[in-house]
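Beneath this line is the structure, given in structure tokens, with notes to follow.
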Amino acid sequence: MRRPRHPSHLATALALSVLVAGCGEDPRGEDLVWPIGGTDELQPMSSSFGPRLQTSRDGVYDFHRGIDIPTVMGTPVYAVAAGKVIRAGRYDDFADVVVQIEHCEGKEVCVYSTYVHLTMPLVDVGEQVGRGQHIAYTGLAAASLFPHLHFEMREGGTEKEYCVHPLRFLPTPAGLAPAIALRRTDEGDTSSPSVEVEATLPGVAPGLVEVAVSTSDRSTGEIIEERVFDYDAWNREYSSDEHDASTIDDDSRAGIRIEPAKFNAQSSTYVIHFRFVDLEGPASPDDLEITARARDVNGRVIEARLP
């Protein structure tokens, strides 16, 4: 019997390089401030945007549409940018007290900053607020064991499917990049490979927005299949009215399984495993090349390859 070329315990490839993507249009338009603190100083987070295990619910998996910033009750909350208040009070779709601010001036696409788990707001619907203006105090979420601010950014609409990673907008240190490792999880001698991508993010700013794996034929250079987990796209797809609301909280779909580690404000790193199962490969396993790619909120792309 032929010995596998890539036994799973050896088939690990570390990130090869960090590539800085083109800057493009800055979606922020103006320099934002953090909703807690009201400055550009990075705040500790107990949950980030995307896949997570809820530590307060015995590790229940869900897709988190914002970031959580731990606070004490009664901490001031600030508008991250100037805009118009379109929600202020308790809303059934949040089951909590919310302030939502529309930011449209000078933008092709409006964005909406959303502040959840508040005591009564200090602003009214229709009011124009300034960047860094005190708009509310933090309260306590009914479903949580600790006080925190849940903060979202919604781009292009006010519904939950328009949520995008808030760290795309908030000021974060540019030098903090994720790292990835790639390994085979099959027997190696197969034309339908399965792989695991381990993404390690800095705990102070876990800003991952995309993980992808592609297979190609080394003899021709042809890409055979690419499978992508895009945080924003998955939220738009699986939070839409076409799906049951709980669909996005399934940890395995479309040949990708997500396994995040537990994370809180004291975590130095945040590790997520992405398992890509039964990828399409070339007819000859000897010609197989596998590439993993991760992209962060600053547009940096990190790659790893096998063999």
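Here, A, B, ... name the chains of the structure tokens in the order displayed, residue numbers run from 1 inside each chain, and ligands are numbered from 1 in the same displayed order.
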
All strand (DSSP E) residues (DSSP, backbone) inside region 24-258 of chain A, as a PyMOL selection string = chain A and resi 50-54+60-64+67-70+76-78+83-91+96-103+111-116+128-129+134-137+148-155+163-164+179-184+195-202+208-217+223-230+252-253+256-258

Next, dump the selected residues to file, keeping only C-alpha atoms, as an mmCIF file, in the first residue's frame.
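What landed in out31.cif:
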```cif
data_model
loop_
_atom_site.group_PDB
_atom_site.id
_atom_site.type_symbol
_atom_site.label_atom_id
_atom_site.label_comp_id
_atom_site.auth_asym_id
_atom_site.auth_seq_id
_atom_site.Cartn_x
_atom_site.Cartn_y
_atom_site.Cartn_z
ATOM 1 C CA GLY A 50 -18.214 36.405 13.804
ATOM 2 C CA PRO A 51 -17.963 32.838 15.136
ATOM 3 C CA ARG A 52 -17.742 32.456 18.905
ATOM 4 C CA LEU A 53 -18.440 30.216 21.880
ATOM 5 C CA GLN A 54 -20.577 31.931 24.486
ATOM 6 C CA VAL A 60 -22.866 27.490 22.944
ATOM 7 C CA TYR A 61 -21.788 28.343 19.383
ATOM 8 C CA ASP A 62 -23.260 31.335 17.588
ATOM 9 C CA PHE A 63 -22.423 33.964 14.992
ATOM 10 C CA HIS A 64 -21.959 37.250 16.830
ATOM 11 C CA ILE A 67 -18.295 43.303 19.498
ATOM 12 C CA ASP A 68 -18.807 43.232 23.265
ATOM 13 C CA ILE A 69 -16.932 45.702 25.454
ATOM 14 C CA PRO A 70 -17.052 44.823 29.166
ATOM 15 C CA PRO A 76 -20.925 56.501 29.659
ATOM 16 C CA VAL A 77 -21.486 55.537 26.009
ATOM 17 C CA TYR A 78 -20.373 57.879 23.222
ATOM 18 C CA GLY A 83 -24.993 61.505 12.658
ATOM 19 C CA LYS A 84 -28.751 61.399 13.184
ATOM 20 C CA VAL A 85 -30.411 59.270 15.869
ATOM 21 C CA ILE A 86 -32.936 56.894 14.271
ATOM 22 C CA ARG A 87 -33.604 54.649 17.295
ATOM 23 C CA ALA A 88 -33.548 55.480 20.986
ATOM 24 C CA GLY A 89 -35.324 53.317 23.540
ATOM 25 C CA ARG A 90 -36.450 49.718 23.952
ATOM 26 C CA TYR A 91 -37.075 47.750 20.748
ATOM 27 C CA ASP A 96 -33.277 45.642 24.958
ATOM 28 C CA VAL A 97 -32.621 49.377 25.136
ATOM 29 C CA VAL A 98 -30.856 50.603 22.000
ATOM 30 C CA VAL A 99 -29.492 53.720 20.355
ATOM 31 C CA GLN A 100 -28.910 53.579 16.595
ATOM 32 C CA ILE A 101 -27.280 56.439 14.690
ATOM 33 C CA GLU A 102 -27.341 56.950 10.931
ATOM 34 C CA HIS A 103 -24.137 58.208 9.302
ATOM 35 C CA VAL A 111 -23.575 53.180 7.849
ATOM 36 C CA TYR A 112 -25.367 52.771 11.154
ATOM 37 C CA SER A 113 -23.702 52.549 14.547
ATOM 38 C CA THR A 114 -25.772 50.550 17.029
ATOM 39 C CA TYR A 115 -25.385 50.533 20.817
ATOM 40 C CA VAL A 116 -27.169 47.820 22.829
ATOM 41 C CA GLN A 128 -28.303 65.277 15.401
ATOM 42 C CA VAL A 129 -25.360 64.172 17.525
ATOM 43 C CA HIS A 134 -22.372 61.274 25.422
ATOM 44 C CA ILE A 135 -25.544 59.418 24.320
ATOM 45 C CA ALA A 136 -26.338 56.847 27.045
ATOM 46 C CA TYR A 137 -25.107 54.738 29.951
ATOM 47 C CA HIS A 148 -21.161 45.122 28.719
ATOM 48 C CA LEU A 149 -21.861 47.240 25.664
ATOM 49 C CA HIS A 150 -22.811 45.319 22.538
ATOM 50 C CA PHE A 151 -21.731 47.486 19.590
ATOM 51 C CA GLU A 152 -22.552 46.946 15.919
ATOM 52 C CA MET A 153 -21.859 48.645 12.614
ATOM 53 C CA ARG A 154 -24.417 48.088 9.852
ATOM 54 C CA GLU A 155 -23.514 49.060 6.304
ATOM 55 C CA CYS A 163 -23.943 43.964 10.200
ATOM 56 C CA VAL A 164 -20.243 44.095 9.333
ATOM 57 C CA ALA A 179 -1.307 34.189 11.788
ATOM 58 C CA ILE A 180 -2.498 31.005 10.098
ATOM 59 C CA ALA A 181 -1.391 27.384 9.933
ATOM 60 C CA LEU A 182 -2.607 24.832 7.379
ATOM 61 C CA ARG A 183 -2.637 21.051 7.709
ATOM 62 C CA ARG A 184 -4.199 18.033 6.024
ATOM 63 C CA VAL A 195 -7.801 20.498 5.522
ATOM 64 C CA GLU A 196 -7.837 22.540 8.689
ATOM 65 C CA VAL A 197 -6.868 26.209 8.860
ATOM 66 C CA GLU A 198 -5.909 27.438 12.312
ATOM 67 C CA ALA A 199 -6.202 31.222 12.598
ATOM 68 C CA THR A 200 -4.582 32.889 15.597
ATOM 69 C CA LEU A 201 -5.710 36.463 16.177
ATOM 70 C CA PRO A 202 -4.367 39.061 18.606
ATOM 71 C CA LEU A 208 -10.492 38.530 10.901
ATOM 72 C CA VAL A 209 -12.968 38.970 8.029
ATOM 73 C CA GLU A 210 -12.243 36.119 5.589
ATOM 74 C CA VAL A 211 -10.681 32.656 5.436
ATOM 75 C CA ALA A 212 -10.442 30.785 2.137
ATOM 76 C CA VAL A 213 -8.907 27.567 0.833
ATOM 77 C CA SER A 214 -8.199 26.772 -2.809
ATOM 78 C CA THR A 215 -6.935 23.654 -4.544
ATOM 79 C CA SER A 216 -4.907 23.770 -7.738
ATOM 80 C CA ASP A 217 -3.116 21.501 -10.182
ATOM 81 C CA ILE A 223 -7.250 26.538 -9.716
ATOM 82 C CA ILE A 224 -9.718 23.678 -9.272
ATOM 83 C CA GLU A 225 -11.857 24.872 -6.355
ATOM 84 C CA GLU A 226 -11.966 27.798 -3.958
ATOM 85 C CA ARG A 227 -14.112 27.728 -0.838
ATOM 86 C CA VAL A 228 -14.542 30.949 1.160
ATOM 87 C CA PHE A 229 -15.768 31.828 4.629
ATOM 88 C CA ASP A 230 -16.431 35.583 4.348
ATOM 89 C CA SER A 252 -21.119 23.608 9.896
ATOM 90 C CA ARG A 253 -22.360 24.529 6.431
ATOM 91 C CA ILE A 256 -16.921 24.332 6.143
ATOM 92 C CA ARG A 257 -16.976 23.666 9.875
ATOM 93 C CA ILE A 258 -16.007 26.432 12.313
#
```

ask   = What lies within 7 Å of Ala261 (chain A) using only C-alpha atoms, ignoring chain neighbours under 2 positions off, as a list in words?
value =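 My list of contacting residues is Leu53, Glu259, Phe263, Tyr270, Val271 and Ile272 of chain A.
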
task = Name the closest residue to Gly38 (chain A) among the candidates A:Val72, A:Leu170, A:Cys104, A:Leu140; distances are taken between atoms, counting only C-alpha atoms.
result = A:Leu170

Residue among A:Gly74, A:Ser191, A:Val80, A:Gly106 lying closest to Pro147 (chain A), counting only C-alpha atoms = A:Gly74

Which of A:Lys160, A:Arg168, A:Arg275, A:Arg236 sits closest to Asp93 (chain A) [using only C-alpha atoms] =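 Using only C-alpha atoms, the shortest distance to Asp93 (chain A) belongs to A:Lys160.
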